[in-house]
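Below: work.cif (mmCIF, C-alpha atoms)
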```cif
data_target
loop_
_atom_site.label_atom_id
_atom_site.label_comp_id
_atom_site.auth_asym_id
_atom_site.auth_seq_id
_atom_site.Cartn_x
_atom_site.Cartn_y
_atom_site.Cartn_z
CA MET K 1 0.00 0.00 0.00
CA LEU K 2 1.32 3.45 -0.95
CA VAL K 3 1.93 5.75 1.99
CA SER K 4 -0.17 8.88 1.68
CA SER K 5 1.27 12.39 1.84
CA ASN K 6 -2.06 13.63 3.24
CA PRO K 7 -1.88 13.60 7.08
CA ARG K 8 -5.50 12.55 7.60
CA GLN K 9 -5.34 9.84 4.97
CA LEU K 10 -2.08 8.57 6.48
CA ALA K 11 -3.74 8.55 9.91
CA LEU K 12 -6.57 6.48 8.45
CA GLN K 13 -4.07 4.03 6.94
CA VAL K 14 -2.53 3.53 10.38
CA LEU K 15 -5.94 3.12 12.02
CA LEU K 16 -6.89 0.48 9.47
CA GLN K 17 -3.77 -1.48 10.42
CA VAL K 18 -4.63 -1.12 14.11
CA GLN K 19 -8.15 -2.29 13.38
CA ALA K 20 -6.60 -5.38 11.75
CA GLY K 21 -4.62 -6.14 14.90
CA ALA K 22 -1.40 -4.13 14.66
CA TYR K 23 -0.05 -2.32 17.71
CA THR K 24 -0.68 1.40 17.42
CA ASP K 25 2.88 2.55 18.12
CA VAL K 26 4.37 -0.03 15.74
CA ALA K 27 2.01 0.79 12.85
CA LEU K 28 2.38 4.53 13.40
CA HIS K 29 6.18 4.38 13.47
CA ARG K 30 6.30 2.22 10.36
CA GLN K 31 4.04 4.53 8.32
CA LEU K 32 5.77 7.72 9.45
CA GLU K 33 9.19 6.28 8.58
CA GLN K 34 7.96 5.60 5.04
CA SER K 35 6.32 9.01 4.60
CA SER K 36 7.77 12.30 3.43
CA LEU K 37 5.74 14.42 5.85
CA GLY K 38 7.36 17.31 7.70
CA GLY K 39 7.39 17.94 11.45
CA SER K 40 3.98 19.59 11.93
CA ASP K 41 2.21 17.09 9.69
CA ARG K 42 3.90 14.17 11.47
CA ALA K 43 2.75 15.62 14.78
CA LEU K 44 -0.82 15.88 13.44
CA VAL K 45 -0.80 12.25 12.28
CA THR K 46 0.48 11.13 15.69
CA GLU K 47 -2.17 13.15 17.49
CA LEU K 48 -4.98 11.89 15.28
CA VAL K 49 -3.96 8.25 15.52
CA CYS K 50 -3.18 8.07 19.23
CA GLY K 51 -6.07 10.32 20.20
CA THR K 52 -8.61 8.45 18.11
CA VAL K 53 -7.49 5.08 19.47
CA ARG K 54 -7.59 6.31 23.07
CA ARG K 55 -10.96 8.00 22.70
CA GLN K 56 -12.67 5.42 20.52
CA ARG K 57 -15.35 4.45 23.05
CA THR K 58 -16.42 8.07 23.53
CA LEU K 59 -16.34 8.68 19.78
CA ASP K 60 -18.41 5.57 19.08
CA GLU K 61 -20.97 6.66 21.65
CA LEU K 62 -21.26 9.99 19.83
CA ILE K 63 -21.83 8.11 16.56
CA ASN K 64 -24.49 6.04 18.31
CA GLN K 65 -26.28 9.18 19.49
CA LEU K 66 -25.85 11.33 16.36
CA GLY K 67 -26.22 8.84 13.51
CA ARG K 68 -29.11 6.79 12.20
CA HIS K 69 -27.13 3.61 12.72
CA PRO K 70 -24.96 2.73 15.75
CA ALA K 71 -21.19 2.71 15.37
CA ALA K 72 -21.01 -1.09 15.40
CA GLN K 73 -23.24 -1.25 12.31
CA GLN K 74 -21.30 1.32 10.29
CA PRO K 75 -18.96 0.08 7.55
CA PRO K 76 -15.54 -0.25 9.27
CA ARG K 77 -13.78 2.36 7.12
CA LEU K 78 -16.64 4.83 7.54
CA ARG K 79 -16.59 4.29 11.29
CA LEU K 80 -12.89 5.20 11.42
CA ILE K 81 -13.46 8.29 9.26
CA LEU K 82 -16.26 9.43 11.56
CA ARG K 83 -14.03 8.89 14.59
CA LEU K 84 -11.32 11.03 13.00
CA GLY K 85 -13.75 13.84 12.24
CA LEU K 86 -15.38 13.80 15.67
CA TYR K 87 -12.00 13.64 17.38
CA GLN K 88 -10.93 16.83 15.64
CA LEU K 89 -14.16 18.63 16.53
CA ARG K 90 -14.24 17.49 20.14
CA TYR K 91 -10.60 17.43 21.22
CA LEU K 92 -8.53 19.57 18.84
CA THR K 93 -9.81 22.91 20.03
CA THR K 94 -7.42 24.91 17.82
CA MET K 95 -8.64 23.15 14.68
CA PRO K 96 -11.14 25.32 12.73
CA VAL K 97 -14.52 23.60 12.51
CA ALA K 98 -14.80 24.16 8.77
CA ALA K 99 -11.37 22.58 8.19
CA ALA K 100 -12.21 19.54 10.32
CA VAL K 101 -15.55 18.96 8.58
CA HIS K 102 -14.33 19.62 5.04
CA SER K 103 -11.18 17.48 5.36
CA THR K 104 -13.16 14.56 6.79
CA VAL K 105 -15.79 14.73 4.04
CA GLU K 106 -13.03 14.83 1.43
CA LEU K 107 -11.34 11.87 3.10
CA ALA K 108 -14.54 9.85 2.73
CA LYS K 109 -14.63 10.68 -0.98
CA THR K 110 -10.94 9.84 -1.46
CA GLU K 111 -11.52 6.47 0.23
CA GLY K 112 -14.27 5.54 -2.23
CA LEU K 113 -17.14 6.42 0.13
CA GLY K 114 -18.46 9.36 -1.85
CA GLY K 115 -21.99 8.03 -1.57
CA LEU K 116 -21.69 8.26 2.22
CA SER K 117 -19.96 11.62 2.35
CA GLY K 118 -23.31 13.23 3.10
CA VAL K 119 -23.62 11.05 6.19
CA VAL K 120 -20.18 12.22 7.36
CA ASN K 121 -21.07 15.84 6.71
CA GLY K 122 -24.43 15.53 8.47
CA ILE K 123 -23.09 13.86 11.63
CA LEU K 124 -20.19 16.29 12.03
CA ARG K 125 -22.34 19.37 11.47
CA HIS K 126 -24.99 18.00 13.83
CA TYR K 127 -22.29 17.58 16.49
CA HIS K 128 -21.10 21.15 15.98
CA ARG K 129 -24.60 22.58 16.24
CA LEU K 130 -25.28 20.72 19.50
CA SER K 131 -21.89 21.76 20.90
CA GLN K 132 -22.99 25.41 20.70
CA GLN K 133 -25.56 24.61 23.40
CA GLY K 134 -23.42 22.36 25.62
CA ASP K 135 -21.78 18.96 25.49
CA PRO K 136 -23.49 16.81 22.83
CA LEU K 137 -22.43 13.62 24.63
CA ARG K 138 -25.17 12.19 26.87
CA LEU K 139 -23.88 10.00 29.69
CA PRO K 140 -25.87 7.42 31.66
CA ASP K 141 -26.83 8.33 35.21
CA ASP K 142 -26.26 4.82 36.52
CA PRO K 143 -24.12 2.89 37.20
CA PRO K 144 -21.39 5.48 37.89
CA HIS K 145 -18.55 3.50 36.33
CA ARG K 146 -20.30 3.47 32.94
CA ALA K 147 -20.49 7.26 32.87
CA LEU K 148 -16.78 7.43 33.62
CA ALA K 149 -15.97 4.71 31.10
CA ILE K 150 -17.95 6.33 28.28
CA GLY K 151 -17.00 9.90 29.10
CA HIS K 152 -13.26 9.20 29.28
CA SER K 153 -13.14 6.17 26.96
CA TYR K 154 -12.22 3.09 28.99
CA PRO K 155 -13.50 -0.46 29.34
CA ASP K 156 -16.00 -0.76 32.18
CA TRP K 157 -13.67 -2.88 34.32
CA ILE K 158 -10.88 -0.27 34.36
CA ALA K 159 -13.34 2.50 35.25
CA GLN K 160 -14.69 0.35 38.08
CA LEU K 161 -11.14 -0.34 39.29
CA TRP K 162 -10.32 3.38 39.51
CA ILE K 163 -13.57 4.10 41.39
CA ASP K 164 -13.05 1.20 43.81
CA GLN K 165 -9.55 2.40 44.63
CA LEU K 166 -10.02 6.17 44.66
CA GLY K 167 -13.71 7.08 44.68
CA TYR K 168 -15.49 8.66 41.72
CA ASP K 169 -13.90 12.13 41.69
CA GLN K 170 -10.31 10.93 42.04
CA GLY K 171 -10.98 8.03 39.69
CA GLU K 172 -12.23 10.46 37.08
CA ALA K 173 -9.18 12.69 37.58
CA LEU K 174 -6.93 9.66 36.97
CA ALA K 175 -8.91 8.64 33.88
CA ALA K 176 -8.64 12.17 32.48
CA TRP K 177 -4.89 12.27 33.16
CA PHE K 178 -4.27 9.13 31.13
CA ASN K 179 -5.85 10.78 28.09
CA GLN K 180 -3.21 13.49 28.00
CA THR K 181 -0.26 13.44 25.61
CA PRO K 182 2.63 11.90 27.59
CA THR K 183 5.57 14.00 28.66
CA LEU K 184 9.17 13.15 27.79
CA ASP K 185 11.49 12.72 30.78
CA ILE K 186 15.19 12.11 30.34
CA ARG K 187 17.86 10.76 32.68
CA VAL K 188 21.24 12.43 32.36
CA ASN K 189 24.21 10.05 32.22
CA ARG K 190 26.58 11.68 34.73
CA GLN K 191 29.45 9.63 33.32
CA ARG K 192 29.28 11.72 30.15
CA ALA K 193 27.46 14.99 30.81
CA SER K 194 26.07 17.30 33.47
CA LEU K 195 22.51 18.59 33.76
CA GLU K 196 23.79 22.03 32.77
CA GLN K 197 25.44 20.72 29.59
CA VAL K 198 22.27 18.93 28.52
CA GLN K 199 20.05 21.93 29.28
CA GLN K 200 22.33 24.28 27.32
CA ALA K 201 22.45 21.93 24.33
CA PHE K 202 18.64 21.75 24.23
CA GLU K 203 18.27 25.52 24.67
CA GLN K 204 20.55 26.11 21.69
CA VAL K 205 18.02 24.36 19.44
CA GLY K 206 15.03 26.09 21.05
CA LEU K 207 13.93 23.29 23.36
CA GLY K 208 13.21 23.86 27.05
CA LEU K 209 13.89 21.45 29.90
CA GLU K 210 12.87 21.68 33.54
CA THR K 211 14.38 19.92 36.52
CA ILE K 212 12.49 17.34 38.61
CA THR K 213 13.29 18.27 42.16
CA ASP K 214 13.35 14.83 43.82
CA LEU K 215 15.56 13.27 41.11
CA PRO K 216 18.99 14.87 40.63
CA SER K 217 19.60 13.40 37.16
CA ALA K 218 16.11 13.93 35.73
CA LEU K 219 14.90 16.57 33.28
CA ARG K 220 11.50 17.00 31.61
CA LEU K 221 11.05 18.36 28.10
CA ILE K 222 8.58 21.24 28.18
CA THR K 223 8.46 22.02 24.46
CA PRO K 224 7.45 19.67 21.63
CA ALA K 225 10.31 17.86 19.90
CA GLY K 226 10.85 15.60 16.93
CA ALA K 227 12.50 12.20 16.83
CA VAL K 228 14.27 11.38 20.10
CA THR K 229 17.38 10.07 18.36
CA SER K 230 17.97 13.44 16.67
CA LEU K 231 17.87 15.47 19.89
CA PRO K 232 21.12 17.01 21.20
CA GLY K 233 23.41 14.63 23.05
CA TYR K 234 21.45 11.43 22.39
CA GLN K 235 23.95 9.86 20.01
CA ASP K 236 26.78 10.89 22.36
CA GLY K 237 25.22 8.98 25.25
CA TRP K 238 24.53 12.05 27.35
CA TRP K 239 21.07 10.89 28.36
CA SER K 240 18.36 8.25 28.07
CA VAL K 241 14.58 8.51 27.89
CA GLN K 242 13.13 7.35 31.21
CA ASP K 243 10.05 8.53 33.06
CA ALA K 244 10.57 10.07 36.49
CA SER K 245 8.77 7.20 38.22
CA ALA K 246 11.04 4.63 36.59
CA GLN K 247 14.05 6.68 37.68
CA MET K 248 12.80 6.46 41.26
CA VAL K 249 13.14 2.67 41.15
CA GLY K 250 16.89 2.72 40.59
CA ALA K 251 17.34 5.53 43.08
CA TRP K 252 15.43 3.53 45.71
CA LEU K 253 17.59 0.45 45.19
CA ASP K 254 20.52 2.84 45.77
CA PRO K 255 23.39 0.68 44.45
CA GLN K 256 26.90 1.64 45.50
CA PRO K 257 30.15 1.63 43.48
CA GLY K 258 31.85 -1.74 43.56
CA GLU K 259 28.72 -3.73 44.45
CA THR K 260 27.22 -6.68 42.60
CA VAL K 261 23.67 -5.90 41.48
CA LEU K 262 21.16 -8.20 39.79
CA ASP K 263 18.40 -6.87 37.52
CA VAL K 264 16.06 -9.85 37.21
CA CYS K 265 13.90 -8.61 34.31
CA ALA K 266 16.27 -6.16 32.65
CA ALA K 267 15.43 -5.76 28.95
CA PRO K 268 15.50 -3.35 27.20
CA GLY K 269 17.92 -2.01 29.80
CA GLY K 270 16.59 1.32 31.04
CA LYS K 271 16.87 0.43 34.71
CA ALA K 272 20.03 -1.69 34.34
CA THR K 273 21.90 1.20 32.74
CA HIS K 274 20.56 3.55 35.41
CA LEU K 275 21.95 1.25 38.11
CA ALA K 276 25.33 1.25 36.38
CA GLU K 277 25.32 5.05 36.21
CA LEU K 278 24.42 5.30 39.90
CA MET K 279 27.41 3.05 40.65
CA ALA K 280 29.71 5.30 38.58
CA ASP K 281 30.12 2.28 36.27
CA GLN K 282 32.12 0.52 39.01
CA GLY K 283 31.05 -2.98 40.02
CA GLN K 284 28.80 -5.46 38.22
CA VAL K 285 25.20 -5.23 37.02
CA TRP K 286 23.92 -8.62 35.89
CA ALA K 287 21.08 -7.88 33.48
CA CYS K 288 18.85 -10.91 32.89
CA ASP K 289 16.45 -11.76 30.10
CA ARG K 290 15.47 -14.99 28.37
CA THR K 291 15.27 -13.54 24.85
CA PRO K 292 18.50 -12.96 22.88
CA SER K 293 17.00 -10.12 20.82
CA ARG K 294 16.00 -8.25 23.96
CA LEU K 295 19.45 -8.74 25.45
CA GLY K 296 20.78 -7.19 22.26
CA LYS K 297 18.89 -4.00 23.09
CA ILE K 298 20.67 -3.84 26.45
CA ARG K 299 24.05 -4.10 24.71
CA VAL K 300 23.09 -1.34 22.25
CA ASN K 301 22.07 0.95 25.11
CA CYS K 302 25.27 0.23 27.03
CA ASP K 303 27.40 0.95 23.97
CA ARG K 304 25.70 4.29 23.38
CA LEU K 305 26.04 5.29 27.04
CA GLY K 306 29.64 4.09 27.32
CA LEU K 307 28.88 1.70 30.20
CA THR K 308 31.11 -1.33 30.79
CA SER K 309 29.77 -2.67 34.12
CA VAL K 310 26.55 -4.19 32.71
CA TYR K 311 26.71 -7.91 31.90
CA PRO K 312 23.70 -9.23 29.95
CA GLN K 313 22.68 -12.73 31.06
CA LEU K 314 20.58 -15.06 28.90
CA THR K 315 18.51 -16.86 31.52
CA ASP K 316 15.01 -17.72 32.71
CA SER K 317 14.52 -15.35 35.62
CA THR K 318 12.33 -17.82 37.50
CA HIS K 319 15.40 -20.11 37.80
CA LEU K 320 18.47 -18.16 38.91
CA SER K 321 20.42 -20.72 40.93
CA GLN K 322 23.71 -19.44 39.48
CA PHE K 323 23.10 -16.14 41.29
CA HIS K 324 21.80 -17.40 44.64
CA GLN K 325 23.16 -15.29 47.54
CA ARG K 326 25.60 -13.52 45.24
CA ALA K 327 24.05 -10.06 44.82
CA ASP K 328 24.33 -7.12 47.18
CA ARG K 329 21.16 -5.64 45.74
CA VAL K 330 18.48 -7.07 43.49
CA LEU K 331 15.90 -5.32 41.32
CA VAL K 332 12.83 -7.30 40.33
CA ASP K 333 10.80 -5.04 38.03
CA VAL K 334 8.22 -7.62 37.01
CA PRO K 335 6.09 -7.97 33.86
CA CYS K 336 2.73 -6.45 34.74
CA SER K 337 -0.57 -5.18 33.35
CA GLY K 338 0.95 -1.74 32.69
CA LEU K 339 -2.09 0.18 33.93
CA GLY K 340 0.17 2.97 35.16
CA THR K 341 1.35 3.81 31.64
CA LEU K 342 -1.89 3.82 29.64
CA HIS K 343 -1.12 7.30 28.29
CA ARG K 344 2.04 5.98 26.61
CA HIS K 345 0.33 3.09 24.81
CA ALA K 346 -2.86 4.27 23.12
CA ASP K 347 -4.33 0.81 22.60
CA ALA K 348 -3.28 -0.79 25.91
CA ARG K 349 -6.63 -0.15 27.59
CA TRP K 350 -8.38 -2.10 24.84
CA ARG K 351 -5.92 -5.00 24.75
CA GLN K 352 -6.02 -5.86 28.47
CA THR K 353 -8.85 -7.87 30.01
CA PRO K 354 -9.35 -8.98 33.63
CA GLU K 355 -9.26 -12.61 32.45
CA GLY K 356 -5.97 -12.04 30.64
CA LEU K 357 -4.30 -10.78 33.79
CA THR K 358 -4.80 -13.93 35.85
CA ASP K 359 -1.54 -15.49 34.64
CA LEU K 360 0.52 -12.51 35.79
CA LEU K 361 0.20 -13.08 39.54
CA PRO K 362 1.84 -16.54 39.67
CA LEU K 363 4.69 -15.25 37.50
CA GLN K 364 5.18 -12.13 39.64
CA GLN K 365 5.17 -14.21 42.82
CA ALA K 366 7.66 -16.69 41.36
CA LEU K 367 10.00 -13.92 40.23
CA LEU K 368 9.96 -12.26 43.64
CA ARG K 369 10.65 -15.54 45.45
CA GLU K 370 13.55 -16.40 43.15
CA ALA K 371 14.95 -12.86 43.31
CA ALA K 372 15.00 -13.04 47.12
CA ARG K 373 17.18 -16.17 46.93
CA CYS K 374 19.78 -14.16 45.05
CA VAL K 375 20.28 -11.55 47.79
CA LYS K 376 23.34 -11.88 50.00
CA PRO K 377 22.78 -11.95 53.76
CA GLY K 378 22.24 -8.32 54.72
CA GLY K 379 21.42 -7.32 51.14
CA LEU K 380 18.44 -5.43 49.73
CA LEU K 381 15.74 -6.06 47.14
CA VAL K 382 13.36 -3.70 45.35
CA TYR K 383 10.13 -5.05 43.84
CA SER K 384 8.46 -2.71 41.33
CA THR K 385 5.72 -2.54 38.71
CA CYS K 386 4.28 0.07 36.36
CA THR K 387 0.69 -0.83 37.25
CA LEU K 388 -1.90 0.42 39.73
CA ARG K 389 -3.61 -2.92 40.41
CA PRO K 390 -3.31 -3.81 44.11
CA GLU K 391 -3.22 -7.54 43.35
CA GLU K 392 0.03 -7.10 41.41
CA ASN K 393 1.55 -4.69 43.91
CA GLN K 394 0.93 -4.88 47.63
CA GLY K 395 -0.89 -8.19 47.16
CA VAL K 396 2.25 -9.90 45.79
CA VAL K 397 4.44 -8.31 48.48
CA GLN K 398 2.13 -9.21 51.35
CA ALA K 399 1.88 -12.82 50.15
CA PHE K 400 5.69 -13.00 49.99
CA LEU K 401 6.13 -11.54 53.49
CA ALA K 402 3.57 -13.95 54.91
CA GLN K 403 5.64 -16.86 53.57
CA HIS K 404 9.04 -15.32 54.42
CA PRO K 405 8.98 -13.92 57.98
CA ASP K 406 12.73 -13.24 57.84
CA TRP K 407 12.05 -10.38 55.36
CA GLN K 408 10.55 -6.98 56.12
CA ILE K 409 9.70 -3.74 54.35
CA GLN K 410 12.31 -1.02 54.65
CA PRO K 411 10.50 2.33 54.33
CA PRO K 412 12.32 5.39 53.01
CA ALA K 413 13.48 7.80 55.69
CA PRO K 414 12.64 10.57 55.29
CA ALA K 415 9.47 9.66 53.38
CA TRP K 416 9.66 9.90 49.61
CA LEU K 417 7.07 11.26 47.24
CA GLY K 418 4.23 8.73 47.10
CA CYS K 419 5.25 6.87 50.25
CA GLU K 420 2.34 5.07 51.92
CA PRO K 421 2.03 4.31 55.67
CA GLU K 422 2.87 0.66 55.00
CA GLY K 423 6.32 1.69 53.74
CA TRP K 424 5.87 1.12 50.02
CA ILE K 425 5.69 3.82 47.35
CA GLN K 426 2.66 4.23 45.08
CA MET K 427 2.93 6.88 42.37
CA TRP K 428 -0.46 8.16 41.24
CA PRO K 429 -0.18 9.96 37.87
CA HIS K 430 -2.91 12.54 38.54
CA ARG K 431 -1.29 13.46 41.88
CA HIS K 432 2.42 13.14 41.12
CA HIS K 433 2.48 14.01 37.38
CA ARG K 434 4.46 10.99 36.25
CA ASP K 435 3.81 7.37 35.32
CA GLY K 436 1.89 5.15 37.73
CA PHE K 437 4.39 2.96 39.58
CA PHE K 438 4.61 0.78 42.66
CA MET K 439 7.88 0.03 44.44
CA VAL K 440 8.92 -1.41 47.77
CA ARG K 441 12.33 -2.11 49.30
CA LEU K 442 12.73 -5.34 51.25
CA ALA K 443 15.51 -6.49 53.59
CA ARG K 444 16.13 -9.59 55.66
CA ALA K 445 15.01 -8.80 59.18
CA THR K 446 18.02 -10.61 60.64
CA GLY K 447 20.62 -9.09 58.37
CA PRO K 448 22.92 -6.18 59.26
CA SER K 449 21.59 -2.78 58.36
CA LEU K 450 22.70 -1.20 55.10
CA ARG K 451 22.45 2.40 54.00
#
```
Rewritten as structure tokens:
Amino acid sequence: MLVSSNPRQLALQVLLQVQAGAYTDVALHRQLEQSSLGGSDRALVTELVCGTVRRQRTLDELINQLGRHPAAQQPPRLRLILRLGLYQLRYLTTMPVAAAVHSTVELAKTEGLGGLSGVVNGILRHYHRLSQQGDPLRLPDDPPHRALAIGHSYPDWIAQLWIDQLGYDQGEALAAWFNQTPTLDIRVNRQRASLEQVQQAFEQVGLGLETITDLPSALRLITPAGAVTSLPGYQDGWWSVQDASAQMVGAWLDPQPGETVLDVCAAPGGKATHLAELMADQGQVWACDRTPSRLGKIRVNCDRLGLTSVYPQLTDSTHLSQFHQRADRVLVDVPCSGLGTLHRHADARWRQTPEGLTDLLPLQQALLREAARCVKPGGLLVYSTCTLRPEENQGVVQAFLAQHPDWQIQPPAPAWLGCEPEGWIQMWPHRHHRDGFFMVRLARATGPSLR
């Protein structure tokens, strides 16, 4: 298929691939790499694709309410075109109404749906007329989770989860937060550059960075940018992309120069390289993964950053007998449902199901048990996830502690951002303005105290 030079048509091409089963970020990257579009047009395609995928439940409900036929009965290509048009009208507030309507009608004609272009025109203009009097979207009064799910575009079970954990108002604030465009946080590699050097290099090309006060090596991009790999200092290994919450994990493990550290689930290497940087590249970081291709990504990252203390290990991380009682500190950042990073993966909310998550808990429990066997007497372990599901977080930790009375939680002192009374850390995106993460540091109760 030829890649279109029209941003809206290219967005539709990506959405058709997603509809056929492709991952949004993979299909979007592939199409943009093959296109000749410039920066602003590429940004528009990205916004249209990611926004339409995220908001598809809300957009379909609008089609249900505004059209003669519900969204599920519309021809698939027409349904996507209507979503694109309604997304522009509802969420791209700087987009002129006439441009949004006209371009969507023309897209229908270009795609061989000229006979239905009147339907597109009618639905979009009907939406605009109603929007002059208030929100055209009608939400159900009951049950509460359905209003949240439709209004902010989530499956019912995720909306119910947020409400159960936080109450309706806070749950809605979290749901709204995950529909924002994600920020770009970077972690400065102190082996190669200082914060000041990185900030100056970005400023010279018109890009602003701000510091993140609780993380001394973290900066947040505050102006839109293009491809990450073309930004100043990337190719020289001055910095890596890593969200502030993920940077907290390595900081909380607090590895020291000369120590032996085990990263149980290391690929693609963001946390393993952070550990090496925190250790001034002195000591050993054993970075485990069972897939050779993923280990290759760790090596690529280490080469770019100039790190020599990371040793990729091809191994099944549920069987680590070769490392038993050999590590001063162990990081077990387990595979999880990823519900703390929904803003970064537009289609993740639609791919996860409660039934599909049942296999995660036994794996997470097995990884934590095996990781604990690798800690030297008196050593430390950090368990972390990028999800907000209690079953995968405190549930796994509490089950482990119940079976291992010689281990205990070691709370941060003084308390860190997100620290809960139980001693673990729970980062809530709508409160802390970073990815949703859980982390807890564990130590053997009988072991000597470490810093």
Picked residues, the PyMOL selection byres ((chain K and resi 325) around 8), expected as a list in words: Phe323, His324, Arg326, Ala327, Arg373, Cys374, Val375, Lys376 and Pro377 of chain K
With 8 Å as the cut-off and only C-alpha atoms counted, what is the closest atom pair between each nearby residue of range 188-290 of chain K and range 380-384 of chain K? Distances in Å to one decimal, ordered by chain and number, as JSON lines.
```
{"residue": "K:Val249", "atom": "CA", "partner": "K:Ser384", "partner_atom": "CA", "distance": 7.1}
{"residue": "K:Trp252", "atom": "CA", "partner": "K:Val382", "partner_atom": "CA", "distance": 7.5}
{"residue": "K:Leu253", "atom": "CA", "partner": "K:Val382", "partner_atom": "CA", "distance": 5.9}
```
Just to be explicit: take each residue in the selection above, keep C-alpha atoms, and write the result as a JSON list (two decimals), keeping the file's coordinate frame.
```
[["chain", "number", "residue", "atom", "x", "y", "z"],
["K", 249, "VAL", "CA", 13.14, 2.67, 41.15],
["K", 252, "TRP", "CA", 15.43, 3.53, 45.71],
["K", 253, "LEU", "CA", 17.59, 0.45, 45.19]]
```
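CA of Gln170 in chain K sits 27.9 Å away from CA of Gln364 in chain K.
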Ground truth for the PyMOL selection byres ((chain K and resi 127-144) around 8), written as an NGL selection string: :K and (61-62 or 65-66 or 86 or 89 or 97 or 123-126 or 145-148 or 150-151 or 168)
Hits from the PyMOL selection byres ((chain K and resi 391-404) around 8), listed as JSON, numbers by chain: {"K": [336, 360, 361, 364, 365, 368, 369, 384, 385, 387, 388, 389, 390, 405, 406, 407, 408, 438, 439]}
Distance query Gly379 in chain K at most 7 Å, all atoms listed in the file, self and fewer than 6 positions along chain excluded, as a PyMOL selection string: chain K and resi 328-329+443
Could those selected residues go to a file with C-alpha atoms, as a tab-separated table (two decimals), in the coordinates of the input?
```tsv
chain	number	residue	atom	x	y	z
K	328	ASP	CA	24.33	-7.12	47.18
K	329	ARG	CA	21.16	-5.64	45.74
K	443	ALA	CA	15.51	-6.49	53.59
```
Residue with smallest distance to Ile212 in chain K - pool K:His432, K:Thr24, K:Trp238, K:Arg77, counting all atoms listed in the file: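 Selected residue with least distance to Ile212 in chain K: K:His432.
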